[in-house]
Structures are given as structure tokens and as C-alpha cells.
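Below is one structure, written out as C-alpha cells; the observations come after it.
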Amino acid sequence: MRDGEALVGALRQAGDPAAVHALDHLFRHGADHELARINALALAQACGLGEDAVVGTLLHAARLGLVEMSWNVLCASCGGVLNANPSLRSVRGEPYRCAFCALDTEPVLDDTVEVSFAVSPRIRRIAAHDPASLPFWDYCRQVFFGTGVAFPEAEAFADLARTALLDAVALQPGERLILALRLPAEPLIVFDPVTHAAQLLDVAGEPTAERQDLALVYDGPRPAVGRTALRPGALRLTLENRGSERVLPGIFVAGEALNRLIGGRRAFLTAKRLLSNQTFRDIYRTETLAIDQRLKILSLTFLFTDLTGSTDLYERVGDLVAYDLVRAHFQRLTDVAAAHGGAVVKTIGDAVMATFPTPEQGLAAALAMRAAMRRLNAERPGEDLALKIGLHEGPCLAVQLNDRQDYFGQTVNIAARVQTLAASGTIFATGPVLGREAAAQLLARDGLDPRPHACTLKGIGSRIPVFELA
């Protein structure tokens, strides 16, 4: 691991020290399955570390080549990975089909696109680097299911797996196998986690003494879905692999045991959250999305600021000093955004546009930004730079504009217009931002009583309620 030691050394210069230590320990001592698809949030919880510190360190590790990042489109029902991509650019905008659930899932960055990390082969070889060598359940857990699925502990998993699975086989290209099964009076699913092909078996009615026959052929990577009606009793199931890779068909009982086996959930790193991570935006400045790509976000909080007093400042102290002050203000705002789980998307003149995964994070950042500017003024007697801040939350599209990942939609427009309502040193926020309990707690903490206004925003058809935080 000589090459790995050098890379870990480089990571120590960029990442959070405690997170680097935890990651290095995982590389050296973690089980193979723990390194196949790393859940950044679960790792942070297990190590007692901050989530943003671990996420940032993993991003630096990906840049250096210690881990490989994957953007996975998930089934909204079972949490299976319908499509794994090395970058967000490869994620299509149209729905993906989960044959296992017979369900279409639209790739929404809030909850059906996850970001996971796998150790690089140059650091350590693990079984998942050769997925064709993995047994059935290892393949399901390490390759098919996403990091948001919380499997039961080992003993409970084994007990449930025996009940939920009638049988599973591995078929190499060109192989053919016949299984003799006795079908219970329950729905069954013959599912291959490699090609995502599924056959739904509707087993119902009176048991039959006659043998039933069913033949399934696997001939490619496309997720085929079929449906067959059968009766409880004997079945001769013929499985044939005409494709070019190994397949792993398993016969699942679609009942309570299967729900308990794969129905547990835990938090995972979403694409939405990563796009609003300052470290990610600093490292991956360009080519995050394709030019014609449009991906939905159901809820994102936008914060716009504008610096008041800057024009007088340029005339009073000159361009060089004023430029340094404006740069210092940008740095303070960027630091505050990052500390509250958000990121600065861009600067426009003296203004900033930032995003946050939740309204309460955006509101907390706005309050902290106002306080940071007051401290900046106190450090420079005679200066009086103040912010006008506007906040709004809602749906939007993640897009590529001017060679950078950006956002588009009415939510962005409203947030920008709300900022223009604010006076020097004030914050204006819409109802969606302040309507959550966490936001109310923040305001109570600071003794703030929002003052309501009904305003007509330029370019927005109807009057909307906004609230002033003086």
C-alpha cells in the first residue's frame, strides 16, 4: 500500500484530520463489504464525526484517487440501484424502470439519486471490484441495493433470507439449469440483480397435483419484466443464460419476510445535498452536468445577498482597498454558507447566490451572515457595509449555465426578487422558509418577531406574503 500511503498523506493536507484518520482506518481494517459502497452519513455517525467533515474528506479522497464516486439512480420503493454512473452527467432525466418492483422512478435529486464511494483498487482490492465473483446475497447487498437500505444484523438477516428466498442460482454464459420447486400460495418474483430482469409469479387458487412448467431465458442487460399465473404446487423452472455475463436469478417470496429483509431505511448522501456542498463546488467547478441536462429538485432553499454601501466605499477609500473589503466580505459569506451545510453558487457584482438543502439551514446562514458583516465592520472602524438578504424555498431544475452547475426556475426568480425588498441590514424571507418548526425555533432563539408584508414582485404575477427580520 505504498502508493496508498502517499495518497493518504496528501489527503491529510486537504481533509478533516479526524475524518482522514477514520477513512484510513477503514481502508486498512474494514471488511470488503464496508468498502464496496460507502455511505458518507452512516460513516460519520459510526465515527462520531460531523457529516460535512466526512463528506468533504471523501470528496478530496475522490479527487486524489483513493475512492471512486458513484451517482446512483434508486428505485423509490425497494432502494435498488437502477443505474450507477461515474458522474451526474450520465444520469438521464426520464424515468428508470425497476423490474423487481414493477415501478418507474423519476431521477429526482432530493431522494432518488444518491452519491456513494468505493475504495479504489489502487488502495485496496476488494471482492466487489470483481462483481462476477460475488455470491448471490453479497451481490445484492453490495451492488444492487443502495446505501439507504438498512439490512438487519447478520443473524436476523440469515433467518429472514431463508424465509424470503426459495432458491438462487448462478448461471455462467451458455449455462442452462432446471429447478424443481414447490410453490406456496403467495406471490413470487424471479429476479436477477445483474440484468434486472424479473418474472412475477401470481400463485393463487387451489393446489394442483400436476407439475407446472416455466422457462426463463436471460439474453442481455435490459430489464425485462414478465408475469405468469400459476397454482400452488410443483413447478419445473428452466433457467437459461444466453447473455455474455453471469446471471444470479433468485426466487423471492413477496411477503413479510422480504419486507423486513430489505424494508429498513437509513439516511444517505443525496445528489441535492452534494450539489449544495461548498467543498464539492470548489473541487468540481465545471462539467458537473451536461449542457442539455435538466434534473429536478423538489425543494431547495435559495439565499441572495447584496452589499449596500459599496459604491460610496469605492469613492471614499479607492478601488484597491474597496476591492480587498469586498473580497473579505465574499470570504465571510462563503465560510458561513459552508458552516451551515450550504454553498455559494456564484457571485454577481457585489451580490451572492447560495443554496441550502433545507429552509432552516438557509435561515440560520442568513442570520449568521448578518452577524458576520457586523463583526467585519467592527474590525474596520469607519466602514459601514451591510447586507440585504432574501430567502425562498421551492422546486427548481439543476442545469449547466456558463460552464458551471447552476439552477433555473421560478423559485430562483422569487428568491432574487425577495432580496430586492430588503433594506440595509434586514432579511426578507417567504412563508415556505419560515413555516417549519426548526425555523420558528431559530427566530425564538434570537428574539426575532417576523413582520409580515404582502408584496408584488417584479415579473411575478400575484402578490405573495413575505416576512421582514429587522
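Naming scheme: A, B, ... for chains in displayed order of the C-alpha cells; residues 1 onward per chain; ligands 1 onward as shown.
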Q.
DSSP on the backbone: which residues in range 259-367 of chain A end up as alpha helix (DSSP H)? Give the answer as JSON, numbers by chain.
A. {"A": [259, 260, 261, 262, 271, 272, 273, 274, 275, 278, 279, 280, 281, 282, 283, 310, 311, 312, 313, 314, 315, 316, 317, 319, 320, 321, 322, 323, 324, 325, 326, 327, 328, 329, 330, 331, 332, 333, 334, 335, 336, 337, 338, 339, 359, 360, 361, 362, 363, 364, 365, 366, 367]}
**Q.** Those of range 150-368 of chain A in DSSP strand (DSSP E or B), formatted as an MDAnalysis selection string
**A.** chainID A and resid 165:168 171 176:183 188:191 198:203 208:218 225:230 233:241 247 250:253 265 270 295:308 343:348 351:356
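Every protein or nucleic acid residue with an atom no more than 7 Å from Val352 in chain A, counting only C-alpha atoms and leaving out same-chain residues fewer than 6 positions away, appears here: Phe304, Thr305, Asp306, Val344 and Lys346 of chain A.
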Got a sec: who's within 12 Å of Ala364 in chain A, counting only C-alpha atoms, leaving out chain neighbours fewer than 2 positions off, as a compact mmCIF listing (two decimals) with N, CA and C atoms, in the first residue's frame?
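Result file part_37.txt:
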# COMPACT_ATOMS: atom_id res chain seq x y z
N THR A 301 -33.49 25.60 -0.91
CA THR A 301 -33.59 26.95 -0.36
C THR A 301 -32.52 27.84 -0.98
N LEU A 303 -30.69 31.63 -1.19
CA LEU A 303 -30.36 32.84 -0.44
C LEU A 303 -29.62 33.78 -1.37
N VAL A 336 -19.57 31.11 6.02
CA VAL A 336 -20.82 30.92 6.74
C VAL A 336 -21.71 29.91 6.02
N ALA A 337 -21.81 30.04 4.69
CA ALA A 337 -22.64 29.11 3.93
C ALA A 337 -22.15 27.68 4.13
N ALA A 338 -20.85 27.46 4.05
CA ALA A 338 -20.29 26.12 4.22
C ALA A 338 -20.54 25.59 5.63
N ALA A 339 -20.43 26.46 6.62
CA ALA A 339 -20.63 26.04 8.01
C ALA A 339 -22.07 25.64 8.28
N HIS A 340 -22.99 26.07 7.44
CA HIS A 340 -24.41 25.73 7.63
C HIS A 340 -24.91 24.76 6.57
N GLY A 341 -23.98 24.00 5.99
CA GLY A 341 -24.35 22.93 5.07
C GLY A 341 -24.75 23.38 3.70
N GLY A 342 -24.40 24.62 3.32
CA GLY A 342 -24.75 25.14 2.01
C GLY A 342 -23.53 25.49 1.21
N PHE A 356 -29.10 25.93 -0.03
CA PHE A 356 -29.08 25.11 1.18
C PHE A 356 -30.10 23.99 1.03
N THR A 358 -32.06 22.64 3.22
CA THR A 358 -33.30 22.84 3.98
C THR A 358 -33.50 24.32 4.29
N PRO A 359 -34.75 24.75 4.51
CA PRO A 359 -35.01 26.17 4.84
C PRO A 359 -34.33 26.61 6.13
N GLU A 360 -34.32 25.72 7.15
CA GLU A 360 -33.71 26.14 8.42
C GLU A 360 -32.21 26.36 8.29
N GLN A 361 -31.55 25.60 7.42
CA GLN A 361 -30.12 25.85 7.18
C GLN A 361 -29.92 27.20 6.51
N GLY A 362 -30.77 27.52 5.54
CA GLY A 362 -30.65 28.81 4.87
C GLY A 362 -30.93 29.97 5.82
N ALA A 366 -28.42 32.94 6.96
CA ALA A 366 -28.72 34.36 6.77
C ALA A 366 -28.46 35.15 8.05
N LEU A 367 -28.92 34.62 9.18
CA LEU A 367 -28.68 35.29 10.46
C LEU A 367 -27.19 35.36 10.77
N ALA A 368 -26.47 34.29 10.48
CA ALA A 368 -25.02 34.27 10.74
C ALA A 368 -24.28 35.22 9.80
N MET A 369 -24.75 35.35 8.55
CA MET A 369 -24.11 36.27 7.62
C MET A 369 -24.26 37.71 8.09
N ARG A 370 -25.44 38.05 8.55
CA ARG A 370 -25.66 39.42 9.05
C ARG A 370 -24.74 39.69 10.25
N ALA A 371 -24.62 38.71 11.13
CA ALA A 371 -23.72 38.88 12.28
C ALA A 371 -22.28 38.97 11.85
N LEU A 391 -34.62 35.22 1.05
CA LEU A 391 -34.67 33.75 1.09
C LEU A 391 -36.01 33.25 0.54
N ILE A 427 -33.37 41.10 6.63
CA ILE A 427 -33.56 39.82 5.95
C ILE A 427 -35.05 39.70 5.61
N ALA A 429 -37.80 36.92 4.08
CA ALA A 429 -37.98 35.50 3.79
C ALA A 429 -39.44 35.23 3.50
N VAL A 433 -40.06 29.35 3.85
CA VAL A 433 -38.82 29.31 4.64
C VAL A 433 -39.13 29.33 6.13
N LEU A 434 -40.07 30.18 6.53
CA LEU A 434 -40.34 30.37 7.96
C LEU A 434 -41.41 29.43 8.50
N ALA A 438 -38.40 24.13 12.87
CA ALA A 438 -36.98 24.45 13.11
C ALA A 438 -36.70 25.93 12.88
N ALA A 439 -37.37 26.53 11.90
CA ALA A 439 -37.19 27.96 11.64
C ALA A 439 -37.75 28.79 12.80
N ALA A 440 -38.92 28.38 13.29
CA ALA A 440 -39.52 29.09 14.43
C ALA A 440 -38.59 29.06 15.65
N GLN A 441 -37.94 27.94 15.87
CA GLN A 441 -37.01 27.82 16.99
C GLN A 441 -35.82 28.75 16.83
N LEU A 442 -35.33 28.89 15.59
CA LEU A 442 -34.20 29.80 15.34
C LEU A 442 -34.59 31.24 15.65
N LEU A 443 -35.78 31.63 15.21
CA LEU A 443 -36.23 33.00 15.44
C LEU A 443 -36.44 33.26 16.92
N ARG A 445 -34.91 31.81 19.33
CA ARG A 445 -33.58 31.87 19.96
C ARG A 445 -32.99 33.27 19.88
N ASP A 446 -33.20 33.94 18.74
CA ASP A 446 -32.64 35.28 18.55
C ASP A 446 -33.63 36.39 18.91
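Shortest atom-to-atom contact with Leu66 in chain A among A:Arg97, A:Arg12, A:Arg122, A:His21: A:Arg122, counting only C-alpha atoms.
Minimum distance to Phe117 in chain A across A:Val54, A:Cys455, A:Leu7, A:Val418 (counting only C-alpha atoms) occurs at A:Val54.
Taking CA of Arg125 in chain A and CA of Gly9 in chain A as endpoints, the distance between them is 19.6 Å.
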